[in-house]
Amino acid sequence: MTGRQLLVCVFALVLIGERSGAQLSFLPISSREGLTANTSVARSRSSLAPLSNPASSAARGEDQQDSEISISSNLYMLTMVESRGGSDKGSFRSGYSSIPTSLGGRRTFGRMQATFGLYQSERYVFDYRYPLSLARMKADLDVSHAAVAVGMKEDGFRWGFAMCATTYQLHIDSQSAAASSSQSGSVYYSWEERTRTDLSFSLGAILDLDDGISIGLSVRSPSVELMSRDEGNRVMATVSPSASASTISIEGLNSSNQLLGNGVEGIVGFSIDGSSHRLSSEIAFFENRGNSMTGVGGEVLVRIGDEYRYSDSTRLIAGLAFGVADALGHDISARRKTVPVTATVGAELRVAEDKVFTAGLFHNNFIDWEIEDDGRFPYSVPVRGGMILAGALEF
C-alpha cells in the first residue's frame, strides 16, 4: 500500500468529520442544550446563543437571575466499524477522551443581554493501522469556537447578533514500508500541521406567541479567513540491490488537505413550553465549501428535543438529531454521502436555588459511503458514545 493510498483512505473519514465543523456539531455541546442534541434556535436564554441564534441570549420572560457561569464536558469513546470488502480492511484504535466542550456565561447590561463562551465542538483522534503491513496513520482534528452574542427583547419579539471566531487544527503523521523477495523495498513518511482561524457573523430573531410558543430563525455569514498556517513534508525512499537504482525524494506540503472554513448557514425552528413539557424542534442548512479531498456539498440536519418537568427540582431531557450530507467529489475523491445520527438522554437537577447540575448519555454515528464507488473507501460507520456532564452557577 502506498503512502498516497493510505492518505486517501483515512482522510476520506477525517475530512468527512471536518464537514461537521459547522457551528453546531454532531457532538453535544453546552450545559442544558447538549441533552437535547443541541436543539436551541428558539429556546429561552440559551447558552448556545453565539453558535445557534443570538436572539436566544434574551429570555422569553423575566429571569430571576441576571447572570450565569456554566461549564460542560464530555467523556466519550470513539470506535470505528467499517466494511470495504475482501481482505482490504484496516483497524482503528479506540480510546476514551475527556474534553471541556463549553465554558461560558451570560450577563444583563440594561436592555441588552449578552452570552459569551468558548466551545470545542469536534475532536477526532484516529490511529489507523493497515493489516499485514507497517502502514500506519495518526490524525487529530480539533474544531473550537470563541463567540459572543447580544440579544434584546420587546413586546414578544427578541432579536440579536453574534460574532464567532472558529479555529481548525489538523495534525497528521503517516508511514508505510514494503519489501519484496528481490530485497528491494520502499519507505514512506509524511507529516502535516494545519491551522486556520475564521470569523463569521450571524443575525437572529425569535417571535414569542401566546401559549408558550416561540418561533426562531438564524442566518450565519460565510466564514472569512483571519489567519492560517500550513507546514509539513513527505519523504519517499526506495532501496534496491543496485545502489544506483536506490532513490530518495522529499516533497513540500501540497494543498490536498487544505481547510477552507464554512459557507452560509441557516436554522429555523420552534419551541412549545407547556405545563410539564418543553418541546423544541429545528432544521438546519449548512453549505460545505469543501476542500480538495471532499469537494463542495451541503448538509441538512433535523434536531428534536424534549424537557419533562419531573418535579420542581428535576427535569428529564432527551434529544435526537439526524440528517444527510453530500460531497460532490472530483478526481481525488468520489462523490460521498453521509447520514449522521445523534441521540441523547439525561436529567437536570437543581441542587440549590442558584446551582444546576446536568448529566446524561449520548450516542453518535454517521454512516458514510461513496455514491460512485471507486474501491478506495466505499463504506464506513464511525461510532462515538459517552457521558455528558455539566454544571451552572446562577447569580
# chains A, B, ... in the order shown; residues from 1 in each chain; ligands from 1
>>> residues_around(residues="stretch 155-157 of chain A", least_positions_apart="3", cutoff="10 Å", atoms="only C-alpha atoms", output="NGL selection string")
:A and (55 or 58 or 60-61 or 152 or 205-210 or 214-215)
>>> write_last_selection(atoms="N, CA, C and O atoms", output="tab-separated table (two decimals), in the first residue's frame")
chain	number	residue	atom	x	y	z
A	55	ALA	N	-30.51	35.72	19.16
A	55	ALA	CA	-31.70	36.25	19.82
A	55	ALA	C	-32.02	35.50	21.10
A	55	ALA	O	-32.65	36.05	22.00
A	58	ALA	N	-31.48	36.65	24.91
A	58	ALA	CA	-32.52	37.28	25.71
A	58	ALA	C	-33.53	36.24	26.16
A	58	ALA	O	-33.85	35.30	25.43
A	60	ARG	N	-37.23	34.71	27.33
A	60	ARG	CA	-38.61	34.90	26.89
A	60	ARG	C	-39.39	35.72	27.91
A	60	ARG	O	-40.14	36.62	27.57
A	61	GLY	N	-39.24	35.41	29.18
A	61	GLY	CA	-39.92	36.14	30.24
A	61	GLY	C	-38.91	36.89	31.10
A	61	GLY	O	-37.82	37.23	30.64
A	152	MET	N	-31.78	41.37	22.53
A	152	MET	CA	-32.70	42.33	23.13
A	152	MET	C	-34.13	41.87	22.89
A	152	MET	O	-34.39	41.09	21.97
A	205	ALA	N	-33.65	36.09	15.13
A	205	ALA	CA	-34.88	36.66	15.68
A	205	ALA	C	-35.74	35.53	16.22
A	205	ALA	O	-35.71	34.41	15.72
A	206	ILE	N	-36.51	35.85	17.27
A	206	ILE	CA	-37.45	34.90	17.86
A	206	ILE	C	-38.77	35.64	18.11
A	206	ILE	O	-38.79	36.71	18.72
A	207	LEU	N	-39.86	35.07	17.63
A	207	LEU	CA	-41.20	35.61	17.85
A	207	LEU	C	-41.87	34.77	18.93
A	207	LEU	O	-42.06	33.57	18.76
A	208	ASP	N	-42.20	35.40	20.06
A	208	ASP	CA	-42.84	34.71	21.18
A	208	ASP	C	-44.35	34.92	21.11
A	208	ASP	O	-44.84	36.05	21.23
A	209	LEU	N	-45.08	33.82	20.89
A	209	LEU	CA	-46.52	33.89	20.77
A	209	LEU	C	-47.17	33.47	22.09
A	209	LEU	O	-46.49	33.16	23.07
A	210	ASP	N	-48.49	33.48	22.11
A	210	ASP	CA	-49.21	33.04	23.30
A	210	ASP	C	-49.07	31.53	23.47
A	210	ASP	O	-48.61	30.81	22.58
A	214	SER	N	-42.81	29.66	20.66
A	214	SER	CA	-41.78	30.55	20.12
A	214	SER	C	-41.31	30.02	18.78
A	214	SER	O	-41.15	28.81	18.60
A	215	ILE	N	-41.05	30.93	17.84
A	215	ILE	CA	-40.55	30.58	16.51
A	215	ILE	C	-39.23	31.32	16.31
A	215	ILE	O	-39.15	32.54	16.49
>>> select_by_dssp(residues="stretch 170-277 of chain A", states="strand (DSSP E or B)", output="PyMOL selection string")
chain A and resi 170-179+185-208+213-220+224-239+247-252+265-273+277
>>> write_last_selection(atoms="C-alpha atoms", output="PDB file, in the first residue's frame")
ATOM      1  CA  LEU A 170      -5.269  19.338  11.919  1.00  0.00           C
ATOM      2  CA  HIS A 171      -2.191  17.187  12.611  1.00  0.00           C
ATOM      3  CA  ILE A 172      -1.196  14.064  10.654  1.00  0.00           C
ATOM      4  CA  ASP A 173       1.647  11.569  10.798  1.00  0.00           C
ATOM      5  CA  SER A 174       1.725   8.659   8.359  1.00  0.00           C
ATOM      6  CA  GLN A 175       4.251   5.993   7.469  1.00  0.00           C
ATOM      7  CA  SER A 176       4.497   2.818   5.454  1.00  0.00           C
ATOM      8  CA  ALA A 177       7.163   0.329   4.429  1.00  0.00           C
ATOM      9  CA  ALA A 178       7.221  -2.502   1.898  1.00  0.00           C
ATOM     10  CA  ALA A 179       9.760  -5.132   0.782  1.00  0.00           C
ATOM     11  CA  GLY A 185      11.736  -2.059  -0.851  1.00  0.00           C
ATOM     12  CA  SER A 186      10.329   1.378  -0.123  1.00  0.00           C
ATOM     13  CA  VAL A 187       9.720   3.594   2.882  1.00  0.00           C
ATOM     14  CA  TYR A 188       7.246   6.464   3.022  1.00  0.00           C
ATOM     15  CA  TYR A 189       6.791   9.072   5.762  1.00  0.00           C
ATOM     16  CA  SER A 190       4.850  12.322   5.914  1.00  0.00           C
ATOM     17  CA  TRP A 191       3.628  14.847   8.459  1.00  0.00           C
ATOM     18  CA  GLU A 192       1.318  17.824   8.247  1.00  0.00           C
ATOM     19  CA  GLU A 193       0.233  20.554  10.643  1.00  0.00           C
ATOM     20  CA  ARG A 194      -2.547  22.870   9.514  1.00  0.00           C
ATOM     21  CA  THR A 195      -4.236  25.645  11.455  1.00  0.00           C
ATOM     22  CA  ARG A 196      -6.914  28.032  10.241  1.00  0.00           C
ATOM     23  CA  THR A 197      -8.910  30.709  12.088  1.00  0.00           C
ATOM     24  CA  ASP A 198     -12.081  32.139  10.549  1.00  0.00           C
ATOM     25  CA  LEU A 199     -14.510  34.880  11.547  1.00  0.00           C
ATOM     26  CA  SER A 200     -18.261  34.759  10.911  1.00  0.00           C
ATOM     27  CA  PHE A 201     -21.302  36.860  11.864  1.00  0.00           C
ATOM     28  CA  SER A 202     -24.915  35.910  12.483  1.00  0.00           C
ATOM     29  CA  LEU A 203     -28.306  37.579  12.915  1.00  0.00           C
ATOM     30  CA  GLY A 204     -31.322  36.010  14.579  1.00  0.00           C
ATOM     31  CA  ALA A 205     -34.877  36.657  15.676  1.00  0.00           C
ATOM     32  CA  ILE A 206     -37.454  34.901  17.862  1.00  0.00           C
ATOM     33  CA  LEU A 207     -41.196  35.606  17.853  1.00  0.00           C
ATOM     34  CA  ASP A 208     -42.840  34.713  21.179  1.00  0.00           C
ATOM     35  CA  ILE A 213     -44.979  29.025  21.554  1.00  0.00           C
ATOM     36  CA  SER A 214     -41.783  30.553  20.121  1.00  0.00           C
ATOM     37  CA  ILE A 215     -40.547  30.580  16.513  1.00  0.00           C
ATOM     38  CA  GLY A 216     -36.846  31.179  15.838  1.00  0.00           C
ATOM     39  CA  LEU A 217     -34.755  31.999  12.772  1.00  0.00           C
ATOM     40  CA  SER A 218     -30.995  32.495  12.451  1.00  0.00           C
ATOM     41  CA  VAL A 219     -28.654  33.104   9.494  1.00  0.00           C
ATOM     42  CA  ARG A 220     -24.856  32.990   9.623  1.00  0.00           C
ATOM     43  CA  VAL A 224     -13.755  34.876   6.418  1.00  0.00           C
ATOM     44  CA  GLU A 225     -10.176  33.742   6.960  1.00  0.00           C
ATOM     45  CA  LEU A 226      -8.245  35.659   9.599  1.00  0.00           C
ATOM     46  CA  MET A 227      -5.039  33.610   9.619  1.00  0.00           C
ATOM     47  CA  SER A 228      -3.723  30.197   8.613  1.00  0.00           C
ATOM     48  CA  ARG A 229      -0.572  28.126   8.881  1.00  0.00           C
ATOM     49  CA  ASP A 230       0.440  25.041   6.880  1.00  0.00           C
ATOM     50  CA  GLU A 231       3.616  23.052   7.464  1.00  0.00           C
ATOM     51  CA  GLY A 232       4.804  19.600   6.524  1.00  0.00           C
ATOM     52  CA  ASN A 233       6.732  17.429   4.082  1.00  0.00           C
ATOM     53  CA  ARG A 234       6.796  13.967   2.557  1.00  0.00           C
ATOM     54  CA  VAL A 235       9.756  11.649   2.209  1.00  0.00           C
ATOM     55  CA  MET A 236       9.853   8.629  -0.124  1.00  0.00           C
ATOM     56  CA  ALA A 237      12.869   6.307  -0.278  1.00  0.00           C
ATOM     57  CA  THR A 238      13.367   3.207  -2.439  1.00  0.00           C
ATOM     58  CA  VAL A 239      16.136   0.689  -1.770  1.00  0.00           C
ATOM     59  CA  THR A 247      16.352   6.854  -4.701  1.00  0.00           C
ATOM     60  CA  ILE A 248      15.132   9.311  -2.092  1.00  0.00           C
ATOM     61  CA  SER A 249      12.793  12.234  -2.647  1.00  0.00           C
ATOM     62  CA  ILE A 250      11.489  14.983  -0.349  1.00  0.00           C
ATOM     63  CA  GLU A 251       8.385  16.937  -1.274  1.00  0.00           C
ATOM     64  CA  GLY A 252       6.926  20.002   0.343  1.00  0.00           C
ATOM     65  CA  GLU A 265     -25.700  28.512   7.451  1.00  0.00           C
ATOM     66  CA  GLY A 266     -29.376  28.848   8.342  1.00  0.00           C
ATOM     67  CA  ILE A 267     -31.557  27.446  11.148  1.00  0.00           C
ATOM     68  CA  VAL A 268     -35.327  27.694  11.632  1.00  0.00           C
ATOM     69  CA  GLY A 269     -37.349  26.077  14.420  1.00  0.00           C
ATOM     70  CA  PHE A 270     -39.938  26.355  17.159  1.00  0.00           C
ATOM     71  CA  SER A 271     -40.384  25.713  20.881  1.00  0.00           C
ATOM     72  CA  ILE A 272     -43.557  24.890  22.822  1.00  0.00           C
ATOM     73  CA  ASP A 273     -43.388  25.427  26.589  1.00  0.00           C
ATOM     74  CA  HIS A 277     -43.063  19.500  28.733  1.00  0.00           C
TER      75      HIS A 277
END
>>> select_by_dssp(residues="stretch 188-253 of chain A", states="helix (DSSP H, G or I)", output="ChimeraX atom specification")
/A:210-212,243-245
>>> write_last_selection(atoms="all heavy atoms", output="PDB file, in the first residue's frame")
ATOM      1  N   ASP A 210     -48.493  33.477  22.107  1.00  0.00           N
ATOM      2  CA  ASP A 210     -49.210  33.036  23.301  1.00  0.00           C
ATOM      3  C   ASP A 210     -49.075  31.530  23.475  1.00  0.00           C
ATOM      4  O   ASP A 210     -48.610  30.807  22.577  1.00  0.00           O
ATOM      5  CB  ASP A 210     -50.685  33.420  23.188  1.00  0.00           C
ATOM      6  CG  ASP A 210     -50.886  34.933  23.182  1.00  0.00           C
ATOM      7  OD1 ASP A 210     -50.011  35.628  23.746  1.00  0.00           O
ATOM      8  OD2 ASP A 210     -51.888  35.404  22.608  1.00  0.00           O
ATOM      9  N   ASP A 211     -49.486  31.047  24.645  1.00  0.00           N
ATOM     10  CA  ASP A 211     -49.476  29.617  24.958  1.00  0.00           C
ATOM     11  C   ASP A 211     -48.076  29.018  24.942  1.00  0.00           C
ATOM     12  O   ASP A 211     -47.885  27.823  24.677  1.00  0.00           O
ATOM     13  CB  ASP A 211     -50.372  28.829  23.987  1.00  0.00           C
ATOM     14  CG  ASP A 211     -51.820  29.298  24.027  1.00  0.00           C
ATOM     15  OD1 ASP A 211     -52.287  29.646  25.130  1.00  0.00           O
ATOM     16  OD2 ASP A 211     -52.454  29.329  22.964  1.00  0.00           O
ATOM     17  N   GLY A 212     -47.050  29.831  25.182  1.00  0.00           N
ATOM     18  CA  GLY A 212     -45.686  29.324  25.300  1.00  0.00           C
ATOM     19  C   GLY A 212     -45.042  28.916  24.000  1.00  0.00           C
ATOM     20  O   GLY A 212     -44.060  28.167  24.002  1.00  0.00           O
ATOM     21  N   ALA A 243      22.843  -0.163  -5.981  1.00  0.00           N
ATOM     22  CA  ALA A 243      22.889   1.139  -5.311  1.00  0.00           C
ATOM     23  C   ALA A 243      22.472   2.266  -6.242  1.00  0.00           C
ATOM     24  O   ALA A 243      21.860   3.248  -5.812  1.00  0.00           O
ATOM     25  CB  ALA A 243      24.297   1.381  -4.771  1.00  0.00           C
ATOM     26  N   SER A 244      22.776   2.153  -7.512  1.00  0.00           N
ATOM     27  CA  SER A 244      22.436   3.219  -8.452  1.00  0.00           C
ATOM     28  C   SER A 244      20.934   3.330  -8.676  1.00  0.00           C
ATOM     29  O   SER A 244      20.453   4.355  -9.149  1.00  0.00           O
ATOM     30  CB  SER A 244      23.144   2.975  -9.787  1.00  0.00           C
ATOM     31  OG  SER A 244      22.730   1.728 -10.338  1.00  0.00           O
ATOM     32  N   ALA A 245      20.189   2.265  -8.341  1.00  0.00           N
ATOM     33  CA  ALA A 245      18.742   2.288  -8.543  1.00  0.00           C
ATOM     34  C   ALA A 245      17.993   2.789  -7.312  1.00  0.00           C
ATOM     35  O   ALA A 245      16.780   2.995  -7.370  1.00  0.00           O
ATOM     36  CB  ALA A 245      18.244   0.893  -8.922  1.00  0.00           C
TER      37      ALA A 245
END
>>> residues_around(residues="A:Pro28", least_positions_apart="3", cutoff="7 Å", atoms="only C-alpha atoms", output="PyMOL selection string")
chain A and resi 34-35+37-38
>>> write_last_selection(atoms="N, CA and C atoms", output="CSV table (one decimal), in the first residue's frame")
chain,number,residue,atom,x,y,z
A,34,GLY,N,-27.0,20.5,25.3
A,34,GLY,CA,-26.4,19.2,24.9
A,34,GLY,C,-27.3,18.0,25.1
A,35,LEU,N,-28.1,18.0,26.1
A,35,LEU,CA,-29.0,16.9,26.3
A,35,LEU,C,-30.2,16.8,25.4
A,37,ALA,N,-29.7,17.3,22.1
A,37,ALA,CA,-29.0,17.1,20.8
A,37,ALA,C,-28.7,18.5,20.2
A,38,ASN,N,-28.4,19.5,21.0
A,38,ASN,CA,-28.1,20.9,20.5
A,38,ASN,C,-29.3,21.6,20.0
>>> closest_residue(among="A:Ala42, A:Val339, A:Val351, A:Leu316", to="A:Gly391", atoms="only C-alpha atoms")
A:Val351
>>> atom_distance(atom1="atom CA of A:Leu349", atom2="atom CA of A:Ser46")
17.2 Å
>>> closest_residue(among="A:Ser30, A:Ser242, A:Thr36, A:Ser280", to="A:Thr344", atoms="only C-alpha atoms")
A:Thr36
>>> closest_residue(among="A:Thr358, A:Thr342, A:Ala165, A:Arg336", to="A:Val302", atoms="only C-alpha atoms")
A:Thr342
